[in-house]
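Enquirer: What follows is a structure written as structure tokens; I'll ask about it next.
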Amino acid sequence: MYSRGPVIVMELPETLNHAEGQKFVGELQPLLEVHRPRIVLDCSQVQQMDSAGIETLLYCMQEAMKRDGDLKLAAVSPASATIMELMRADRLFEVFETAEEAARSFQAVALPDEQSLPWYSSGLGLADLKIAS
Amino acid sequence: MGLGAIVVIGAEFEGVHSTAGAESEQQFLLAEPLACIDVLGRSMTERTVERFVRAGVEVISVLVPVEMAHMVQPCSVSFENLKTQVVADVSSAVTQKLKDFSRDGVEHAFVVCASVYTETDLLDLFYFHREARQAATRALDSDGSLNLWVVDCAKAHHSDLEDLLAQAEGAAASYFIRDYVNRLNHPKDLRQLVSDALRGRCGMRPSGVELKPGIWVDEGAEIDRRARLVAPAYIGRGCKIQEDTLITRCSNIEKGCYVDYGTVIEDSSILANTHIGIWLDVCHAVANGNKLLSLGRNVILEISDRSIMRTIGSAREESRNNSLDFYEAQQVITDLNEQEQPEEPRTPKAGSSEPILSRGEVYVQ
């Protein structure tokens with residue numbers, strides 16, 4: 001049995017700076033606070049992005065990962081991709097051509113439910129195993 | 001033999017003869033004309049002038065369009081018959097210059113755009129032209145015509161430049177160059193030239209010394225012990241390279257640059273007086289001040305965050321002070337002062353920000 005929660009696609013604003021980033025995080029925050037959030041950020045509208053914008057993306061990714069979810073980017077413009085590369089953020093995100101492709105990628109590698117996880121991937125470390133035995 | 005040379009800076013001249021495409025726009029977005037920027041320690045203009053001096057050319061004239069005067073640094077090649085002129089119309093200035101050459105007994109002249117880099121034997125080109133008995137001979141390579149001509153100055157006396165160079169197009173004989181050529185039309189060509197020079201694929205040599213095979217460092221460069229330079233690479237005059245940086249894959253850091261902690265410069269050119277901030281990845285790009293051209297994606301970014309990239313302030317001012325524009329302004333002010341009778345020194349009015357100009361002093365905002 002696999003978890004098939006909704007994949008949420010959000011469109012980033014035209015300008016992704018500190019102020020717009022804060023506003024965007026405010027809108028996205030409730031969606032990030034669910035169990036295993038699966039978020040696609042559509043960057044097709046982004047015209048301008050600065051270092052604060054990249055921090056916003058990193059914050060969203062961090063929040064999603066904290067809850068065992070993931071965040072992917074779609075339709076990143078060449079200019080945004082260049083800024084991300086310059087600031088070394090490009091290697092942290094999975095980037096797709098379109099939002100549909102990004103959403104489909106979640107389906108392809110859907111995470112199994114906790115109950116159906118095999119013992120070796122249940123989150124126990126070696127120390128836990130020793131105690132358990 | 002009476003041989004002269006006219007070196008033209010900028011794309012205006014190229015535009016007349018339809019070789020500059022839309023790409024030349026991009027080079028202006030990025031910086032000054034590519035012929036004026038330093039490549040491995042010296043500008044293409046200087047290198048071109050030097051090649052003519054070595055070929056035994058007797059008189060060299062460098063023509064700079066007036067709109068570019070503020071970007072062009074005076075040529076540092078020491079040659080007594082070298083004259084740099086700021087001109088309003090390049091075509092008519094070249095025509096006039098050819099007439100002047102003819103009057104002064106110079107029989108033939110090279111006309112070249114400063115950005116064209118070729119390692120062909122210039123004298124061989126001249127002999128070819130003379131034997132062909134043409135008004136003008138244009139050089140070409142496997143990619144097409146080059147902005148390099150040899151012109152008969154006496155014939156230039158009777159026709160205008162357009163006609164003369166058009167004759168070269170239709171001439172029976174053109175000079176085919178088999179040696180290394182780089183047109184330097186686009187920053188991509190700049191990267192190619194740097195890469196070819198550092199890999200020894202062309203005759204261009206970086207200034208400075210080769211500390212280790214493929215690692216060229218110019219005078220006054222400070223490189224932290226913990227910085228890594230992986231050959232081939234070039235570090236220009238007065239650069240400061242901080243710890244944990246990595247400079248590699250034919251990257252060139254031109255004079256007066258500062259590369260901060262942990263940054264990687266890979267397959268990139270950092271043009272003079274650029275500050276690159278900490279923990280950045282500059283890859284397959286050309287950076288100039290706060291502008292970054294990604295060659296892979298073909299986009300230019302203007303970065304407003306000064307902690308990431310910026311022009312080093314004092315260097316910019318110094319560069320402006322040294323430009324032809326400033327030099328000319330200074331000349332004008334000096335000339336005006338020479339005409340006037342000496343006056344009582346002016347004192348600034350209270351609350352006024354008006355600069356005081358006196359002989360030898362020029363106010364720079």
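To be explicit about the labels: the chains of the structure tokens are called A, B, and onward in the order shown, and within each one the residues are counted from 1, while ligands get numbers from 1 in the order they are shown.
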Per DSSP on the backbone, what are the alpha helix (DSSP H) residues of range 91-318 of chain B, as an MDAnalysis selection string?
Expert: chainID B and resid 91:103 122:132 153:156 161:170 187:198 313:318
Enquirer: Could the residues of chain B within 6 Å of chain A, counting only C-alpha atoms, be given as a PyMOL selection string, please?
Expert: chain B and resi 280-282+297
Enquirer: Those same residues - N, CA and C atoms - I'd like them written as a PDB file, in the first residue's frame.
Expert:
ATOM      1  N   LEU B 280      30.404  30.956  -4.038  1.00  0.00           N
ATOM      2  CA  LEU B 280      29.644  30.989  -5.295  1.00  0.00           C
ATOM      3  C   LEU B 280      30.235  29.980  -6.281  1.00  0.00           C
ATOM      4  N   ASP B 281      29.454  29.651  -7.268  1.00  0.00           N
ATOM      5  CA  ASP B 281      29.886  28.778  -8.350  1.00  0.00           C
ATOM      6  C   ASP B 281      29.772  29.576  -9.635  1.00  0.00           C
ATOM      7  N   VAL B 282      30.872  30.019 -10.170  1.00  0.00           N
ATOM      8  CA  VAL B 282      30.826  30.720 -11.450  1.00  0.00           C
ATOM      9  C   VAL B 282      31.317  29.724 -12.494  1.00  0.00           C
ATOM     10  N   ARG B 297      23.547  29.124 -20.948  1.00  0.00           N
ATOM     11  CA  ARG B 297      22.116  29.464 -21.072  1.00  0.00           C
ATOM     12  C   ARG B 297      21.892  30.712 -21.905  1.00  0.00           C
TER      13      ARG B 297
END
Enquirer: Write out as a list in words the residues lying within 9 Å of Leu58 in chain A, counting only C-alpha atoms and excluding same-chain residues fewer than 5 positions away.
Expert: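 Listing them by chain and then by number gives Gly53, Glu63, Ala89, Leu92 and Phe93 of chain A.
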Enquirer: Select from range 117-182 of chain B everything DSSP, run on the backbone, classes as strand (DSSP E or B), then give the selection as an MDAnalysis selection string.
Expert: chainID B and resid 117:118 136:141 144:152 175:176 181:182
Enquirer: Need to verify the contact set: Leu28 in chain A, 12 Å, only C-alpha atoms, exclusion of same-chain residues closer than 5 positions in sequence. Can you return it as JSON, numbers by chain?
Expert: {"A": [8, 9, 10, 11, 12, 21, 22, 23, 33, 34, 37, 38, 39, 40, 41, 56, 57, 59, 60, 61, 63, 64, 71]}
Enquirer: CA of Thr245 in chain B to CA of Asp224 in chain B: how many Å, to one decimal?
Expert: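 Atom-to-atom, CA of Thr245 in chain B to CA of Asp224 in chain B, that is 8.8 Å.
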